[in-house]
Amino acid sequence: MGSWQRLLLFRGVSLRGGARACAPLCGRQMLVCWRQLSGAESETLKQRRTQIMSRGLPKQKPIEGVKQVIVVASGKGGVGKSTTAVNLALALGANDSSKAVGLLDVDVYGPSVPKMMNLKGNPELSESNLMRPLLNYGVACMSMGFLVEETAPVVWRGLMVMSAIEKLLRQVDWGQLDYLVVDMPPGTGDVQLSVSQNIPISGAVIVSTPQDIALMDAHKGAEMFRKVHVPVLGLVQNMSVFQCPKCRHKTHIFGADGARRLARTLDLDVLGDVPLHLNIREASDTGQPIVFSQPESDEGFAGWRGNRFAVELNSVTGRLEHFPRLVPHRTEPKAR
């Protein structure tokens with residue numbers, strides 16, 4: 001139907017028997033015609049939009065040699081995401097020594113993994129011209145921090161960042177890994193979409209403090225992964241409480257149980273509750289993550305290696321083993 005025919009319909013005129021024969025339409029007839037026209041066009045537009053969008057999306061391709069990819073993310077910076085990623089990778093290896101674990105830092109502008117894992121130097125190249133990860137504490141690590149000077153800022157525009165992400169995803173010789181933990185940058189932008197759409201991800205762990213400002217962005221982060229069909233495994237509530245080392249009084253500096261309320265809203269599990277503790281900060285700054293350096297202590301992440309977090313961790317990794325490459329957008333709640 002041409003534009004002049006639509007115009008006549010809008011004017012209440014129906015074409016019958018050619019352009020010369022016109023008859024007025026009653027209101028009901030005109031409404032029916034308009035609904036049929038708009039409905040057909042709407043469906044056509046939807047199909048066309050789907051076709052165009054599908055052309056622009058990259059084809060997901062697994063990272064060679066990697067069985068499961070777990071991304072650790074947050075909508076807000078400064079909530080302990082990198083600390084969580086590092087200790088999660090170490091805990092996965094410590095709880096099952098038969099599993100090979102890698103750690104990929106895709107925070108191009110602010111890489112933290114080299115310092116937290118006490119690693120320096122440039123990666124060597126394999127015979128196939130792929131970068132070999134640096135190894136410490138039994139975890140293979142790759143980061144933008146190995147490719148630039150420690151104090152040099154990365155002043156890049158988006159296209160250069162995307163190129164770097166592509167190299168970190170595709171030009172690293174990981175060998176054979178059971179788990180690759182990916183430390184994501186804060187936010188829900190290009191890097192998050194690029195990683196989510198380029199590789200199959202088994203699950204995402206969202207990190208947040210109990211503070212309302214951080215929870216708002218954590219909520220957005222969880223919803224982003226659901227939109228791109230990545231299952232959210234659960235939330236980690238970091239800096240949940242501070243306990244005075246002298247009088248043992250507990251203070252909820254950032255609020256109490258905010259991540260637990262968000263988890264209920266999103267129908268997710270709380271995978272860990274980590275206090276604000278001096279030992280965790282010191283262990284991270286000295287490149288001796290607390291899961292490795294103080295495995296028997298009670299300070300938050302250390303429990304991930306022991307009995308307190310083992311149940312939660314084994315539940316997550318057990319579910320990962322049964323996740324197909326294409327999975328529902330949320331995990332089923334655990335039996336309590």
# chains A, B, ... in the order shown; residues from 1 in each chain; ligands from 1
call {"tool": "closest_atom_pairs", "arguments": {"of": "range 230-274 of chain A", "to": "range 79-85 of chain A", "cutoff": "12 Å", "atoms": "only C-alpha atoms", "output": "tab-separated table"}}
result
residue	atom	partner	partner_atom	distance
A:Leu235	CA	A:Thr84	CA	11.0
A:Val236	CA	A:Thr84	CA	8.2
A:Gln237	CA	A:Val79	CA	9.1
A:Asn238	CA	A:Gly80	CA	6.7
A:Met239	CA	A:Val79	CA	7.9
A:Ser240	CA	A:Val79	CA	10.7
A:Phe254	CA	A:Val79	CA	10.8
A:Ala259	CA	A:Val79	CA	11.9
A:Leu271	CA	A:Thr84	CA	11.2
A:Gly272	CA	A:Thr84	CA	9.8
A:Asp273	CA	A:Thr84	CA	11.1
A:Val274	CA	A:Thr84	CA	9.4
call {"tool": "write_last_selection", "arguments": {"atoms": "C-alpha atoms", "output": "compact mmCIF listing (two decimals), in the first residue's frame"}}
result
# COMPACT_ATOMS: atom_id res chain seq x y z
CA LEU A 235 26.06 -12.04 44.72
CA VAL A 236 29.07 -11.51 46.97
CA GLN A 237 28.50 -8.96 49.73
CA ASN A 238 31.88 -7.34 50.36
CA MET A 239 32.87 -5.03 53.24
CA SER A 240 29.73 -6.16 55.03
CA PHE A 254 28.28 0.64 54.50
CA ALA A 259 23.25 -7.29 49.06
CA LEU A 271 27.60 -16.66 47.62
CA GLY A 272 29.72 -14.96 50.26
CA ASP A 273 29.65 -12.37 53.04
CA VAL A 274 33.06 -10.74 53.39
call {"tool": "select_by_dssp", "arguments": {"residues": "range 83-276 of chain A", "states": "strand (DSSP E)", "output": "MDAnalysis selection string"}}
result
chainID A and resid 101:105 134:136 139:143 177:183 203:208 232:237 242:243 250:251 270:273
call {"tool": "residues_around", "arguments": {"residues": "Lys120 in chain A", "least_positions_apart": "5", "cutoff": "8 Å", "atoms": "only C-alpha atoms", "output": "JSON, numbers by chain"}}
result
{"A": [114, 115, 146]}
call {"tool": "closest_residue", "arguments": {"among": "A:Val181, A:Ile199, A:Val108, A:Met142", "to": "Val86 in chain A", "atoms": "only C-alpha atoms"}}
result
A:Val181
call {"tool": "atom_distance", "arguments": {"atom1": "CA of Leu168 in chain A", "atom2": "CA of Val106 in chain A"}}
result
7.4 Å
call {"tool": "residues_around", "arguments": {"residues": "Gln176 in chain A", "least_positions_apart": "4", "cutoff": "12 Å", "atoms": "only C-alpha atoms", "output": "list in words"}}
result
Ile63, Glu64, Gly65, Val66, Lys67, Gln68, Ser98, Lys99, Ala100, Val101, Gly102, Ala140, Val172 and Leu180 of chain A
call {"tool": "write_last_selection", "arguments": {"atoms": "N, CA and C atoms", "output": "PDB file, in the first residue's frame"}}
result
ATOM      1  N   ILE A  63      36.912 -20.068  24.045  1.00  0.00           N
ATOM      2  CA  ILE A  63      38.359 -19.893  24.130  1.00  0.00           C
ATOM      3  C   ILE A  63      38.991 -21.274  24.113  1.00  0.00           C
ATOM      4  N   GLU A  64      39.942 -21.468  23.230  1.00  0.00           N
ATOM      5  CA  GLU A  64      40.525 -22.796  23.037  1.00  0.00           C
ATOM      6  C   GLU A  64      41.143 -23.316  24.340  1.00  0.00           C
ATOM      7  N   GLY A  65      40.734 -24.518  24.714  1.00  0.00           N
ATOM      8  CA  GLY A  65      41.277 -25.178  25.897  1.00  0.00           C
ATOM      9  C   GLY A  65      40.577 -24.846  27.194  1.00  0.00           C
ATOM     10  N   VAL A  66      39.613 -23.920  27.171  1.00  0.00           N
ATOM     11  CA  VAL A  66      38.932 -23.487  28.401  1.00  0.00           C
ATOM     12  C   VAL A  66      37.547 -24.116  28.475  1.00  0.00           C
ATOM     13  N   LYS A  67      37.262 -24.812  29.583  1.00  0.00           N
ATOM     14  CA  LYS A  67      35.968 -25.475  29.733  1.00  0.00           C
ATOM     15  C   LYS A  67      34.880 -24.531  30.230  1.00  0.00           C
ATOM     16  N   GLN A  68      35.153 -23.802  31.316  1.00  0.00           N
ATOM     17  CA  GLN A  68      34.144 -22.944  31.922  1.00  0.00           C
ATOM     18  C   GLN A  68      34.713 -21.547  32.150  1.00  0.00           C
ATOM     19  N   SER A  98      42.735 -31.016  41.400  1.00  0.00           N
ATOM     20  CA  SER A  98      42.757 -31.604  40.061  1.00  0.00           C
ATOM     21  C   SER A  98      42.298 -30.617  38.988  1.00  0.00           C
ATOM     22  N   LYS A  99      41.755 -29.464  39.416  1.00  0.00           N
ATOM     23  CA  LYS A  99      41.238 -28.479  38.472  1.00  0.00           C
ATOM     24  C   LYS A  99      42.306 -27.444  38.128  1.00  0.00           C
ATOM     25  N   ALA A 100      42.445 -27.159  36.841  1.00  0.00           N
ATOM     26  CA  ALA A 100      43.355 -26.111  36.381  1.00  0.00           C
ATOM     27  C   ALA A 100      42.573 -24.808  36.252  1.00  0.00           C
ATOM     28  N   VAL A 101      43.131 -23.732  36.817  1.00  0.00           N
ATOM     29  CA  VAL A 101      42.413 -22.453  36.901  1.00  0.00           C
ATOM     30  C   VAL A 101      43.255 -21.344  36.289  1.00  0.00           C
ATOM     31  N   GLY A 102      42.591 -20.461  35.551  1.00  0.00           N
ATOM     32  CA  GLY A 102      43.240 -19.278  34.995  1.00  0.00           C
ATOM     33  C   GLY A 102      42.523 -18.022  35.443  1.00  0.00           C
ATOM     34  N   ALA A 140      47.237 -19.504  36.331  1.00  0.00           N
ATOM     35  CA  ALA A 140      47.751 -18.845  35.140  1.00  0.00           C
ATOM     36  C   ALA A 140      47.059 -17.490  34.984  1.00  0.00           C
ATOM     37  N   VAL A 172      45.960 -15.692  23.595  1.00  0.00           N
ATOM     38  CA  VAL A 172      46.622 -16.200  24.797  1.00  0.00           C
ATOM     39  C   VAL A 172      46.581 -17.724  24.774  1.00  0.00           C
ATOM     40  N   LEU A 180      38.209 -20.504  33.908  1.00  0.00           N
ATOM     41  CA  LEU A 180      38.857 -19.223  33.660  1.00  0.00           C
ATOM     42  C   LEU A 180      38.020 -18.147  34.344  1.00  0.00           C
TER      43      LEU A 180
END
call {"tool": "closest_residue", "arguments": {"among": "A:Val154, A:Ala222, A:Leu104, A:Ala91", "to": "Gly138 in chain A", "atoms": "only C-alpha atoms"}}
result
A:Ala91
call {"tool": "closest_residue", "arguments": {"among": "A:Ser284, A:Gln243, A:Asn279, A:Gln211", "to": "Met117 in chain A", "atoms": "only C-alpha atoms"}}
result
A:Ser284
call {"tool": "residues_around", "arguments": {"residues": "Asp105 in chain A", "least_positions_apart": "4", "cutoff": "8 Å", "atoms": "only C-alpha atoms", "output": "PyMOL selection string"}}
result
chain A and resi 111-113+141-144+182-184
call {"tool": "residues_around", "arguments": {"residues": "range 190-192 of chain A", "least_positions_apart": "6", "cutoff": "9 Å", "atoms": "only C-alpha atoms", "output": "list of chain:residue names"}}
result
A:Ala73, A:Val106, A:Asp107, A:Gly158, A:Val161, A:Met162, A:Ile165, A:Met184, A:Met224, A:Phe225
call {"tool": "write_last_selection", "arguments": {"atoms": "N, CA and C atoms", "output": "PDB file, in the first residue's frame"}}
result
ATOM      1  N   ALA A  73      31.974  -9.393  38.218  1.00  0.00           N
ATOM      2  CA  ALA A  73      31.638  -8.056  37.748  1.00  0.00           C
ATOM      3  C   ALA A  73      30.935  -7.267  38.836  1.00  0.00           C
ATOM      4  N   VAL A 106      40.506  -8.142  32.372  1.00  0.00           N
ATOM      5  CA  VAL A 106      40.153  -7.361  31.181  1.00  0.00           C
ATOM      6  C   VAL A 106      39.852  -5.903  31.533  1.00  0.00           C
ATOM      7  N   ASP A 107      40.273  -5.470  32.710  1.00  0.00           N
ATOM      8  CA  ASP A 107      40.161  -4.059  33.076  1.00  0.00           C
ATOM      9  C   ASP A 107      41.366  -3.335  32.481  1.00  0.00           C
ATOM     10  N   GLY A 158      37.828   3.988  22.414  1.00  0.00           N
ATOM     11  CA  GLY A 158      37.091   2.730  22.440  1.00  0.00           C
ATOM     12  C   GLY A 158      37.588   1.663  21.490  1.00  0.00           C
ATOM     13  N   VAL A 161      40.664  -0.032  22.758  1.00  0.00           N
ATOM     14  CA  VAL A 161      40.335  -0.894  23.902  1.00  0.00           C
ATOM     15  C   VAL A 161      39.725  -2.202  23.421  1.00  0.00           C
ATOM     16  N   MET A 162      38.806  -2.119  22.439  1.00  0.00           N
ATOM     17  CA  MET A 162      38.177  -3.321  21.909  1.00  0.00           C
ATOM     18  C   MET A 162      39.196  -4.228  21.238  1.00  0.00           C
ATOM     19  N   ILE A 165      41.012  -6.022  24.024  1.00  0.00           N
ATOM     20  CA  ILE A 165      40.179  -7.083  24.590  1.00  0.00           C
ATOM     21  C   ILE A 165      40.183  -8.305  23.688  1.00  0.00           C
ATOM     22  N   MET A 184      36.251  -8.398  35.383  1.00  0.00           N
ATOM     23  CA  MET A 184      35.697  -7.412  34.475  1.00  0.00           C
ATOM     24  C   MET A 184      35.900  -5.997  35.018  1.00  0.00           C
ATOM     25  N   MET A 224      22.043  -6.565  33.180  1.00  0.00           N
ATOM     26  CA  MET A 224      22.750  -6.574  31.906  1.00  0.00           C
ATOM     27  C   MET A 224      23.093  -7.996  31.475  1.00  0.00           C
ATOM     28  N   PHE A 225      23.611  -8.789  32.426  1.00  0.00           N
ATOM     29  CA  PHE A 225      23.972 -10.166  32.088  1.00  0.00           C
ATOM     30  C   PHE A 225      22.732 -10.976  31.719  1.00  0.00           C
TER      31      PHE A 225
END
call {"tool": "closest_residue", "arguments": {"among": "A:Arg132, A:Arg248, A:His277, A:Arg157", "to": "Ile290 in chain A", "atoms": "only C-alpha atoms"}}
result
A:His277
call {"tool": "closest_residue", "arguments": {"among": "A:Gly121, A:Ser163, A:Lys61, A:Glu296", "to": "Gly145 in chain A", "atoms": "only C-alpha atoms"}}
result
A:Gly121
call {"tool": "atom_distance", "arguments": {"atom1": "CA of Ser194 in chain A", "atom2": "CA of Asn136 in chain A"}}
result
27.7 Å
call {"tool": "closest_residue", "arguments": {"among": "A:Lys227, A:Lys59, A:Arg261, A:Arg281", "to": "Asp212 in chain A", "atoms": "only C-alpha atoms"}}
result
A:Arg261
call {"tool": "atom_distance", "arguments": {"atom1": "CA of Leu177 in chain A", "atom2": "CA of Asn198 in chain A"}}
result
18.2 Å
